[in-house]
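Shown next: protein-v6.cif, given as mmCIF, C-alpha atoms and all ligand atoms.
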data_coords
loop_
_atom_site.label_atom_id
_atom_site.label_comp_id
_atom_site.auth_asym_id
_atom_site.auth_seq_id
_atom_site.Cartn_x
_atom_site.Cartn_y
_atom_site.Cartn_z
CA MET A 1011 -19.57 0.93 21.79
CA THR A 1012 -19.68 4.50 20.48
CA ASP A 1013 -21.76 6.34 17.95
CA SER A 1014 -21.28 6.75 14.21
CA LEU A 1015 -19.33 9.76 13.05
CA HIS A 1016 -21.36 11.68 10.48
CA ILE A 1017 -19.86 14.32 8.20
CA HIS A 1018 -22.72 16.10 6.49
CA ARG A 1019 -22.51 18.53 3.57
CA LEU A 1020 -19.30 20.28 4.63
CA GLN A 1021 -18.42 23.37 2.68
CA LYS A 1022 -15.21 25.32 3.18
CA ASN A 1023 -13.64 28.14 1.19
CA TYR A 1024 -10.22 29.67 1.68
CA GLY A 1025 -10.81 33.04 0.01
CA PRO A 1026 -11.58 32.23 -3.62
CA LEU A 1027 -10.51 28.56 -3.24
CA ARG A 1028 -13.29 26.05 -2.64
CA ALA A 1029 -11.45 23.53 -0.45
CA LEU A 1030 -14.51 21.41 0.41
CA ASP A 1031 -17.66 21.13 -1.65
CA ASP A 1032 -20.55 19.22 -0.10
CA VAL A 1033 -18.45 16.56 1.62
CA THR A 1034 -20.67 13.88 3.16
CA PHE A 1035 -19.78 10.48 4.59
CA SER A 1036 -20.21 8.44 7.76
CA VAL A 1037 -17.99 6.11 9.73
CA ALA A 1038 -19.86 3.46 11.72
CA PRO A 1039 -18.75 2.10 15.10
CA GLY A 1040 -16.05 -0.50 14.51
CA GLU A 1041 -15.49 0.62 10.94
CA ILE A 1042 -12.11 1.58 9.48
CA PHE A 1043 -12.69 4.26 6.86
CA GLY A 1044 -9.81 5.19 4.57
CA PHE A 1045 -9.77 8.73 3.28
CA VAL A 1046 -7.72 9.03 0.11
CA GLY A 1047 -7.08 11.78 -2.40
CA SER A 1048 -4.29 13.71 -4.09
CA ASN A 1049 -2.25 16.36 -2.32
CA GLY A 1050 -4.47 19.33 -1.62
CA ALA A 1051 -7.74 17.40 -2.17
CA GLY A 1052 -9.21 18.40 1.20
CA LYS A 1053 -8.50 15.54 3.61
CA SER A 1054 -6.74 17.56 6.31
CA THR A 1055 -9.30 20.35 6.02
CA THR A 1056 -12.10 17.83 6.65
CA MET A 1057 -10.30 16.35 9.64
CA ARG A 1058 -9.55 19.76 11.14
CA ILE A 1059 -13.24 20.64 10.89
CA ILE A 1060 -14.18 17.37 12.64
CA LEU A 1061 -11.85 18.32 15.48
CA GLY A 1062 -13.04 21.92 15.61
CA VAL A 1063 -9.55 23.26 14.86
CA LEU A 1064 -11.16 24.89 11.84
CA ALA A 1065 -14.74 26.06 11.30
CA ALA A 1066 -16.73 24.98 8.24
CA ASP A 1067 -18.59 27.61 6.23
CA SER A 1068 -21.56 25.27 6.34
CA GLY A 1069 -22.39 21.66 7.08
CA GLU A 1070 -22.36 19.57 10.23
CA VAL A 1071 -20.35 17.02 12.14
CA ARG A 1072 -22.39 14.68 14.33
CA LEU A 1073 -21.65 11.83 16.66
CA GLY A 1074 -24.76 9.67 16.58
CA ALA A 1075 -27.69 12.08 16.63
CA ASP A 1076 -25.83 14.89 18.39
CA LEU A 1077 -23.92 17.77 16.89
CA ILE A 1078 -20.35 17.37 18.00
CA ASP A 1079 -19.36 19.68 20.87
CA LEU A 1080 -16.25 20.30 22.95
CA GLU A 1081 -17.05 17.49 25.37
CA ARG A 1082 -17.45 14.92 22.57
CA ARG A 1083 -14.33 16.21 20.82
CA ARG A 1084 -12.28 15.44 23.95
CA ARG A 1085 -13.15 11.79 23.36
CA ILE A 1086 -11.57 11.82 19.89
CA GLY A 1087 -8.03 10.60 19.35
CA TYR A 1088 -6.58 12.96 16.77
CA MET A 1089 -3.32 12.86 14.94
CA PRO A 1090 -2.89 16.20 13.15
CA GLU A 1091 -0.99 16.58 9.91
CA GLU A 1092 1.24 19.19 11.53
CA ARG A 1093 2.65 16.98 14.27
CA GLY A 1094 2.07 18.59 17.64
CA LEU A 1095 4.44 17.26 20.29
CA TYR A 1096 6.59 19.40 22.58
CA PRO A 1097 10.13 18.61 21.42
CA LYS A 1098 11.76 19.56 24.72
CA MET A 1099 9.46 17.47 26.89
CA LYS A 1100 10.16 13.86 27.74
CA VAL A 1101 8.15 11.16 25.97
CA GLY A 1102 6.50 9.52 29.00
CA PRO A 1103 5.67 12.67 30.99
CA GLN A 1104 4.33 14.28 27.81
CA LEU A 1105 1.96 11.39 27.09
CA THR A 1106 0.89 11.33 30.74
CA TYR A 1107 0.22 15.07 30.57
CA LEU A 1108 -1.84 14.72 27.39
CA ALA A 1109 -3.90 11.91 28.92
CA ARG A 1110 -4.55 14.08 31.98
CA LEU A 1111 -5.69 16.94 29.74
CA HIS A 1112 -8.33 14.55 28.44
CA GLY A 1113 -9.56 13.90 31.96
CA MET A 1114 -7.66 10.78 33.10
CA SER A 1115 -6.48 10.45 36.70
CA ALA A 1116 -2.71 10.75 37.29
CA ALA A 1117 -2.32 7.02 37.92
CA ALA A 1118 -4.42 5.95 34.91
CA ALA A 1119 -2.61 8.45 32.67
CA GLU A 1120 0.82 7.12 33.62
CA THR A 1121 -0.28 3.50 33.21
CA SER A 1122 -1.73 4.31 29.79
CA ALA A 1123 1.45 6.15 28.73
CA ARG A 1124 3.49 3.08 29.67
CA THR A 1125 1.08 0.72 27.89
CA TRP A 1126 1.14 2.68 24.64
CA THR A 1127 4.87 3.33 24.54
CA GLU A 1128 5.32 -0.40 25.08
CA ARG A 1129 2.84 -1.33 22.36
CA LEU A 1130 4.34 1.12 19.88
CA GLY A 1131 7.92 0.06 20.59
CA VAL A 1132 9.23 3.26 22.21
CA ALA A 1133 9.16 2.21 25.88
CA ALA A 1134 12.97 2.45 26.06
CA ARG A 1135 12.66 6.17 25.20
CA PHE A 1136 10.14 6.95 27.97
CA ASP A 1137 12.52 9.35 29.72
CA ASP A 1138 14.11 10.93 26.63
CA ASP A 1139 13.19 14.27 25.13
CA VAL A 1140 10.98 13.89 22.03
CA ALA A 1141 13.50 15.96 20.03
CA ASP A 1142 16.19 13.29 20.62
CA LEU A 1143 14.16 10.57 18.89
CA SER A 1144 14.40 9.66 15.21
CA LEU A 1145 11.55 10.96 13.05
CA GLY A 1146 9.98 7.49 12.84
CA ASN A 1147 10.06 7.12 16.63
CA GLN A 1148 8.60 10.62 17.05
CA GLN A 1149 5.82 9.45 14.79
CA ARG A 1150 5.22 6.45 17.04
CA VAL A 1151 5.00 8.79 20.04
CA GLN A 1152 2.57 10.96 18.07
CA LEU A 1153 0.41 7.89 17.57
CA ALA A 1154 0.64 7.09 21.27
CA ALA A 1155 -0.54 10.66 21.93
CA ALA A 1156 -3.66 10.03 19.84
CA LEU A 1157 -4.41 6.80 21.70
CA VAL A 1158 -3.31 7.47 25.28
CA HIS A 1159 -6.67 8.76 26.57
CA ASP A 1160 -8.57 5.71 25.33
CA PRO A 1161 -10.62 7.62 22.75
CA ASP A 1162 -14.10 6.70 21.49
CA VAL A 1163 -13.32 7.89 17.95
CA LEU A 1164 -10.05 8.02 15.98
CA VAL A 1165 -9.26 10.66 13.36
CA LEU A 1166 -5.72 10.18 12.07
CA ASP A 1167 -4.11 12.32 9.38
CA GLU A 1168 -1.59 10.11 7.58
CA PRO A 1169 -0.74 7.95 10.60
CA PHE A 1170 1.41 5.59 8.52
CA SER A 1171 3.67 8.12 6.83
CA GLY A 1172 7.29 7.73 7.84
CA LEU A 1173 6.82 4.43 9.68
CA ASP A 1174 9.05 1.44 9.01
CA PRO A 1175 7.33 -1.84 7.98
CA VAL A 1176 7.37 -3.21 11.52
CA ALA A 1177 5.70 -0.08 12.87
CA VAL A 1178 3.17 -0.20 10.00
CA ASP A 1179 2.22 -3.73 11.11
CA VAL A 1180 1.98 -2.70 14.76
CA MET A 1181 -0.16 0.29 13.86
CA SER A 1182 -2.40 -1.81 11.59
CA ASP A 1183 -2.99 -4.21 14.48
CA VAL A 1184 -3.75 -1.31 16.83
CA LEU A 1185 -6.37 0.04 14.42
CA LYS A 1186 -7.95 -3.39 14.01
CA ASP A 1187 -8.10 -3.83 17.81
CA LYS A 1188 -9.68 -0.40 18.29
CA ALA A 1189 -12.21 -1.18 15.55
CA ALA A 1190 -13.01 -4.50 17.26
CA GLN A 1191 -13.80 -2.46 20.39
CA GLY A 1192 -16.39 -0.49 18.38
CA VAL A 1193 -14.37 2.67 17.73
CA PRO A 1194 -15.10 4.41 14.41
CA ILE A 1195 -11.77 5.10 12.71
CA LEU A 1196 -11.10 7.66 9.99
CA PHE A 1197 -7.61 7.88 8.60
CA SER A 1198 -6.00 9.40 5.55
CA SER A 1199 -3.19 7.81 3.63
CA HIS A 1200 -1.40 7.85 0.31
CA GLN A 1201 -0.39 4.18 0.79
CA LEU A 1202 -3.23 2.64 -1.19
CA ASP A 1203 -2.11 -0.96 -0.75
CA LEU A 1204 -2.41 -0.42 2.99
CA VAL A 1205 -5.80 1.25 2.63
CA GLU A 1206 -7.00 -1.64 0.48
CA ARG A 1207 -5.83 -4.16 3.06
CA LEU A 1208 -7.06 -2.42 6.18
CA CYS A 1209 -10.22 -0.50 5.40
CA ASP A 1210 -13.82 -1.61 5.54
CA ARG A 1211 -14.77 1.38 3.43
CA VAL A 1212 -12.97 4.04 1.46
CA GLY A 1213 -13.83 7.59 0.43
CA ILE A 1214 -12.01 9.14 -2.51
CA ILE A 1215 -11.85 12.93 -2.47
CA SER A 1216 -10.81 15.01 -5.44
CA ALA A 1217 -10.60 18.81 -5.47
CA GLY A 1218 -12.86 19.08 -2.43
CA SER A 1219 -15.56 16.63 -3.58
CA ILE A 1220 -16.11 12.99 -2.70
CA THR A 1221 -15.98 11.22 -6.06
CA ALA A 1222 -16.54 7.68 -4.81
CA GLN A 1223 -17.16 5.88 -1.55
CA GLY A 1224 -17.94 2.34 -0.54
CA SER A 1225 -16.27 -0.91 0.40
CA VAL A 1226 -13.08 -1.65 -1.49
CA ASP A 1227 -14.88 -4.48 -3.30
CA GLU A 1228 -17.81 -2.23 -4.26
CA LEU A 1229 -15.44 0.37 -5.65
CA ARG A 1230 -13.34 -2.16 -7.51
CA THR A 1231 -16.29 -3.78 -9.23
CA ARG A 1232 -18.48 -0.72 -9.79
CA ASP A 1233 -17.29 -0.16 -13.36
CA GLY A 1234 -17.13 -3.76 -14.47
CA GLN A 1235 -14.14 -6.05 -14.41
CA ILE A 1236 -10.74 -6.24 -16.02
CA LEU A 1237 -9.93 -9.28 -18.17
CA GLU A 1238 -6.24 -9.88 -18.74
CA ILE A 1239 -5.37 -11.94 -21.79
CA VAL A 1240 -1.92 -13.05 -22.88
CA GLY A 1241 -1.56 -14.57 -26.35
CA PRO A 1242 -3.00 -12.78 -29.39
CA HIS A 1243 -0.70 -10.13 -30.83
CA PRO A 1244 -1.72 -6.66 -29.60
CA ASP A 1245 -1.46 -5.20 -33.12
CA SER A 1246 -4.43 -7.27 -34.23
CA ARG A 1247 -6.68 -5.24 -31.87
CA TRP A 1248 -8.68 -8.44 -31.72
CA ALA A 1249 -11.14 -7.32 -29.01
CA ASP A 1250 -12.31 -4.08 -30.62
CA GLY A 1251 -16.08 -3.97 -30.96
CA LEU A 1252 -16.80 -7.23 -29.11
CA PRO A 1253 -20.09 -7.12 -27.15
CA GLY A 1254 -19.58 -6.15 -23.48
CA VAL A 1255 -16.09 -4.69 -24.00
CA LEU A 1256 -15.98 -1.12 -22.65
CA ALA A 1257 -12.29 -0.39 -23.25
CA ALA A 1258 -9.24 -2.26 -24.48
CA ASP A 1259 -5.61 -1.61 -23.62
CA TYR A 1260 -3.26 -3.53 -25.94
CA ALA A 1261 0.01 -3.51 -23.97
CA SER A 1262 3.02 -5.55 -25.04
CA ASP A 1263 2.83 -7.88 -22.01
CA ALA A 1264 -0.95 -8.44 -22.10
CA THR A 1265 -4.23 -7.13 -23.40
CA ARG A 1266 -6.42 -5.71 -20.64
CA LEU A 1267 -10.11 -5.32 -21.32
CA ARG A 1268 -12.56 -3.43 -19.17
CA VAL A 1269 -15.79 -5.39 -19.55
CA HIS A 1270 -19.37 -5.34 -18.25
CA ASP A 1271 -19.93 -7.56 -15.22
CA ASP A 1272 -22.32 -9.78 -17.19
CA VAL A 1273 -20.08 -10.10 -20.26
CA ASP A 1274 -19.93 -13.51 -21.98
CA ASP A 1275 -16.31 -14.28 -21.12
CA GLN A 1276 -16.34 -17.49 -23.19
CA ALA A 1277 -17.17 -15.42 -26.29
CA ILE A 1278 -14.19 -13.19 -25.49
CA LEU A 1279 -11.97 -16.24 -25.05
CA ALA A 1280 -13.19 -17.64 -28.37
CA ALA A 1281 -12.40 -14.32 -30.08
CA ALA A 1282 -8.90 -14.37 -28.60
CA LEU A 1283 -8.33 -17.99 -29.68
CA ALA A 1284 -9.37 -17.06 -33.20
CA HIS A 1285 -6.22 -14.88 -33.29
CA GLY A 1286 -3.81 -17.52 -31.98
CA PRO A 1287 -2.98 -19.50 -28.83
CA VAL A 1288 -4.02 -18.00 -25.47
CA HIS A 1289 -1.47 -18.46 -22.65
CA ARG A 1290 -3.36 -16.68 -19.91
CA PHE A 1291 -6.96 -15.57 -19.42
CA ALA A 1292 -7.85 -14.04 -16.04
CA ALA A 1293 -10.45 -11.75 -14.51
CA ASN A 1294 -8.99 -9.11 -12.21
CA PRO A 1295 -11.01 -6.37 -10.60
CA PRO A 1296 -8.99 -3.14 -10.81
CA SER A 1297 -6.82 -2.37 -7.79
CA LEU A 1298 -7.58 0.62 -5.62
CA THR A 1299 -4.56 2.28 -7.21
CA ASP A 1300 -6.06 1.81 -10.72
CA LEU A 1301 -9.35 3.18 -9.50
CA PHE A 1302 -7.70 6.12 -7.79
CA ARG A 1303 -5.86 7.07 -10.97
CA GLU A 1304 -9.13 6.96 -12.86
CA LEU A 1305 -11.12 9.01 -10.37
CA VAL A 1306 -8.65 11.67 -9.31
N1 LIG B 1 -4.96 27.85 5.70
C1 LIG B 1 -5.14 27.78 4.39
N2 LIG B 1 -5.24 28.85 3.61
C2 LIG B 1 -5.46 28.77 2.29
N3 LIG B 1 -5.57 27.61 1.62
C3 LIG B 1 -5.47 26.48 2.34
C4 LIG B 1 -5.25 26.50 3.75
N4 LIG B 1 -5.19 25.21 4.17
C5 LIG B 1 -5.38 24.43 3.09
N5 LIG B 1 -5.54 25.19 1.99
C6 LIG B 1 -5.81 24.69 0.62
O1 LIG B 1 -6.99 23.90 0.68
C7 LIG B 1 -6.88 22.76 -0.18
C8 LIG B 1 -7.09 21.52 0.64
O2 LIG B 1 -5.96 21.31 1.49
P1 LIG B 1 -5.81 20.08 2.49
O3 LIG B 1 -4.62 20.34 3.35
O4 LIG B 1 -7.11 19.86 3.17
O5 LIG B 1 -5.54 18.87 1.49
P2 LIG B 1 -5.06 17.37 1.78
O6 LIG B 1 -5.99 16.49 1.02
O7 LIG B 1 -4.94 17.12 3.23
O8 LIG B 1 -3.62 17.33 1.08
P3 LIG B 1 -2.27 16.49 1.44
O9 LIG B 1 -2.49 15.09 0.95
O10 LIG B 1 -1.24 17.21 0.61
O11 LIG B 1 -2.04 16.60 2.90
C9 LIG B 1 -5.50 22.87 -0.84
O12 LIG B 1 -5.68 23.48 -2.10
C10 LIG B 1 -4.72 23.76 0.11
O13 LIG B 1 -3.72 24.47 -0.60
#

Let me see the structure of the file written as structure tokens.
Amino acid sequence: MTDSLHIHRLQKNYGPLRALDDVTFSVAPGEIFGFVGSNGAGKSTTMRIILGVLAADSGEVRLGADLIDLERRRRIGYMPEERGLYPKMKVGPQLTYLARLHGMSAAAAETSARTWTERLGVAARFDDDVADLSLGNQQRVQLAAALVHDPDVLVLDEPFSGLDPVAVDVMSDVLKDKAAQGVPILFSSHQLDLVERLCDRVGIISAGSITAQGSVDELRTRDGQILEIVGPHPDSRWADGLPGVLAADYASDATRLRVHDDVDDQAILAAALAHGPVHRFAANPPSLTDLFRELV
């Protein structure tokens, strides 16, 4: 069991550009936190500050009650955006070396390198140079490098990018296992379906500010629900002005209404029926992708 990772009021400017503006969130032990945002929103900058690769202008990173220091940072498994393997070094010896840098004994480091190459499906490449592997397999080795020293915290910058579906499944299982062991996990991704499936909580960052955070369900239901109705002709704009309707999108395949959580759905159904037969009437919370589009 490790401590919570706390990111508190981070501020970072690159010259005139405000890259991070008051970024605050926490990742509890055993929690998988998905960090999502457009290109250039500030995800990598935040992660680099957590790892100490970059200094914040102000704000703090804590593990439990303690400010994070070099010793605690050695216990983090980090996958940087700019992948950092030695291309001319063999896979197995490189992972063993990295584990040793984090303080493992020679025997434990080698055992761990073998375990993780096996788990991530690159054991057959143990004695090949990294440069001779396909990009996807290099990515798997990069993930092994983040995991090989049995870290207490995981900070992974787009760990799923470039992985084939089998590797995505393996990696998802690895993250769930690490979370079950009490490791707090922060990862960034543009694959929102994956984030929605895997994460306990999500933080959405836009232009350096966190615009929403919470469980996927909290985020999806925070601005009411979506009702999807198939039947009445869209041109009739039959739902305009009905009580509880916040917005209406009359598409050719269906009408989608954003409604208050406590809306009288039977009154909406009655209004639809007054304009003709209704073939489908369903309540769908917006997907994370819908939400992301709205917030970013
Ligand atoms: N070393 C730097 N010098 C100047 N500007 C930088 C530097 N690094 C990042 N930036 C800028 O800071 C902002 C945040 O970048 P960052 O890499 O943190 O975003 P990101 O959310 O990780 O994006 P992506 O999804 O594209 O990886 C961007 O506008 C970027 O151009």

Query raised in the report: Residues at most 6 Å from ligand LIG 1 (chain B), using all atoms listed in the file? Could they come as a list in words?
Result: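 Checked against 6 Å with all atoms listed in the file; the hits are Tyr1024, Ala1029, Gly1047, Ser1048, Asn1049, Gly1050, Ala1051, Gly1052, Lys1053, Ser1054 and Thr1055 of chain A.
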
**Report entry** Who sits within 7 Å of range 1120-1136 of chain A, only C-alpha atoms, same chain under 3 positions skipped, as a VMD selection string
**Finding:** chain A and resid 1100 to 1102 1105 to 1106 1116 to 1117 1147 1150 1154 1158 1180

Which residues are near Thr1265 in chain A? Cut-off 12 Å, all atoms listed in the file, ignore same chain within fewer than 6 positions. Put them as an mmCIF file with C-alpha atoms, keeping the file's coordinate frame.
data_model
loop_
_atom_site.group_PDB
_atom_site.id
_atom_site.type_symbol
_atom_site.label_atom_id
_atom_site.label_comp_id
_atom_site.auth_asym_id
_atom_site.auth_seq_id
_atom_site.Cartn_x
_atom_site.Cartn_y
_atom_site.Cartn_z
ATOM 1 C CA ILE A 1236 -10.740 -6.240 -16.020
ATOM 2 C CA LEU A 1237 -9.930 -9.280 -18.170
ATOM 3 C CA GLU A 1238 -6.240 -9.880 -18.740
ATOM 4 C CA ILE A 1239 -5.370 -11.940 -21.790
ATOM 5 C CA VAL A 1240 -1.920 -13.050 -22.880
ATOM 6 C CA GLY A 1241 -1.560 -14.570 -26.350
ATOM 7 C CA PRO A 1242 -3.000 -12.780 -29.390
ATOM 8 C CA HIS A 1243 -0.700 -10.130 -30.830
ATOM 9 C CA PRO A 1244 -1.720 -6.660 -29.600
ATOM 10 C CA ASP A 1245 -1.460 -5.200 -33.120
ATOM 11 C CA SER A 1246 -4.430 -7.270 -34.230
ATOM 12 C CA ARG A 1247 -6.680 -5.240 -31.870
ATOM 13 C CA TRP A 1248 -8.680 -8.440 -31.720
ATOM 14 C CA ALA A 1249 -11.140 -7.320 -29.010
ATOM 15 C CA ASP A 1250 -12.310 -4.080 -30.620
ATOM 16 C CA ALA A 1257 -12.290 -0.390 -23.250
ATOM 17 C CA ALA A 1258 -9.240 -2.260 -24.480
ATOM 18 C CA ASP A 1259 -5.610 -1.610 -23.620
ATOM 19 C CA ILE A 1278 -14.190 -13.190 -25.490
ATOM 20 C CA ALA A 1282 -8.900 -14.370 -28.600
ATOM 21 C CA VAL A 1288 -4.020 -18.000 -25.470
ATOM 22 C CA HIS A 1289 -1.470 -18.460 -22.650
ATOM 23 C CA ARG A 1290 -3.360 -16.680 -19.910
ATOM 24 C CA PHE A 1291 -6.960 -15.570 -19.420
ATOM 25 C CA ALA A 1292 -7.850 -14.040 -16.040
ATOM 26 C CA ALA A 1293 -10.450 -11.750 -14.510
#

Would you list the contacts of Val1306 in chain A as a tab-separated table (two decimals) with C-alpha atoms, keeping the file's coordinate frame, taking every protein, DNA or RNA residue within 7 Å and counting only C-alpha atoms, but skipping same-chain residues closer than 3 positions in sequence?
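The file below, out-v1.tsv, is the result:
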chain	number	residue	atom	x	y	z
A	1216	SER	CA	-10.81	15.01	-5.44
A	1302	PHE	CA	-7.70	6.12	-7.79
A	1303	ARG	CA	-5.86	7.07	-10.97

Report task. Write out as a ChimeraX atom specification which residues come within 10 Å of Pro1039 in chain A when counting only C-alpha atoms, dropping same-chain ones fewer than 3 positions away. Result -> /A:1011-1015,1036,1042,1074,1162-1163,1188-1195

Query raised in the report: Taking into account all atoms listed in the file, which residue in the set A:Ser1144, A:Thr1056, A:Ser1297, A:Asn1023 is nearest to Pro1090 in chain A?
Result: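 Looking only at the distances to Pro1090 in chain A, the closest residue turns out to be A:Thr1056.
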
Query raised in the report: If you measure from CA of Ala1281 in chain A to CA of Val1255 in chain A, what distance in Å do you get, rounded to one decimal?
Result: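 Taking CA of Ala1281 in chain A as the start and CA of Val1255 in chain A as the end point, the length is 12.0 Å.
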
Requested in this report: Tell me which of A:Ser1225, A:Gln1201, A:Met1057, A:Ile1215 sits closest to Gly1172 in chain A, counting all atoms listed in the file.
Outcome: A:Gln1201

Report summary line: What separates CA of Arg1072 in chain A and CA of Val1037 in chain A is a distance of 10.7 Å

Can you patch up range 1065-1080 of chain A, filling it in to N, CA and C atoms, and show the result as a short mmCIF file (atom, residue, chain, number, x, y, z; two decimals), keeping the file's coordinate frame?
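That gives us out-v3.cif:
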data_model
loop_
_atom_site.label_atom_id
_atom_site.label_comp_id
_atom_site.auth_asym_id
_atom_site.auth_seq_id
_atom_site.Cartn_x
_atom_site.Cartn_y
_atom_site.Cartn_z
N ALA A 1065 -13.27 26.02 11.42
CA ALA A 1065 -14.74 26.06 11.30
C ALA A 1065 -15.13 25.88 9.84
N ALA A 1066 -16.19 25.11 9.61
CA ALA A 1066 -16.73 24.98 8.24
C ALA A 1066 -17.54 26.23 7.91
N ASP A 1067 -17.67 26.53 6.62
CA ASP A 1067 -18.59 27.61 6.23
C ASP A 1067 -20.03 27.13 6.39
N SER A 1068 -20.24 25.86 6.07
CA SER A 1068 -21.56 25.27 6.34
C SER A 1068 -21.39 23.76 6.42
N GLY A 1069 -22.45 23.10 6.90
CA GLY A 1069 -22.39 21.66 7.08
C GLY A 1069 -22.26 21.31 8.55
N GLU A 1070 -22.32 20.02 8.83
CA GLU A 1070 -22.36 19.57 10.23
C GLU A 1070 -21.47 18.36 10.46
N VAL A 1071 -21.00 18.26 11.69
CA VAL A 1071 -20.35 17.02 12.14
C VAL A 1071 -21.17 16.52 13.32
N ARG A 1072 -21.60 15.26 13.24
CA ARG A 1072 -22.39 14.68 14.33
C ARG A 1072 -21.74 13.39 14.83
N LEU A 1073 -21.97 13.14 16.11
CA LEU A 1073 -21.65 11.83 16.66
C LEU A 1073 -22.99 11.23 17.06
N GLY A 1074 -23.40 10.16 16.40
CA GLY A 1074 -24.76 9.67 16.58
C GLY A 1074 -25.71 10.77 16.14
N ALA A 1075 -26.70 11.06 17.00
CA ALA A 1075 -27.69 12.08 16.63
C ALA A 1075 -27.24 13.48 17.01
N ASP A 1076 -26.18 13.58 17.81
CA ASP A 1076 -25.83 14.89 18.39
C ASP A 1076 -24.78 15.63 17.57
N LEU A 1077 -24.98 16.93 17.45
CA LEU A 1077 -23.92 17.77 16.89
C LEU A 1077 -22.71 17.65 17.79
N ILE A 1078 -21.55 17.58 17.19
CA ILE A 1078 -20.35 17.37 18.00
C ILE A 1078 -20.02 18.66 18.77
N ASP A 1079 -19.69 18.51 20.04
CA ASP A 1079 -19.36 19.68 20.87
C ASP A 1079 -18.00 19.44 21.52
N LEU A 1080 -17.58 20.38 22.34
CA LEU A 1080 -16.25 20.30 22.95
C LEU A 1080 -16.08 19.01 23.76
#
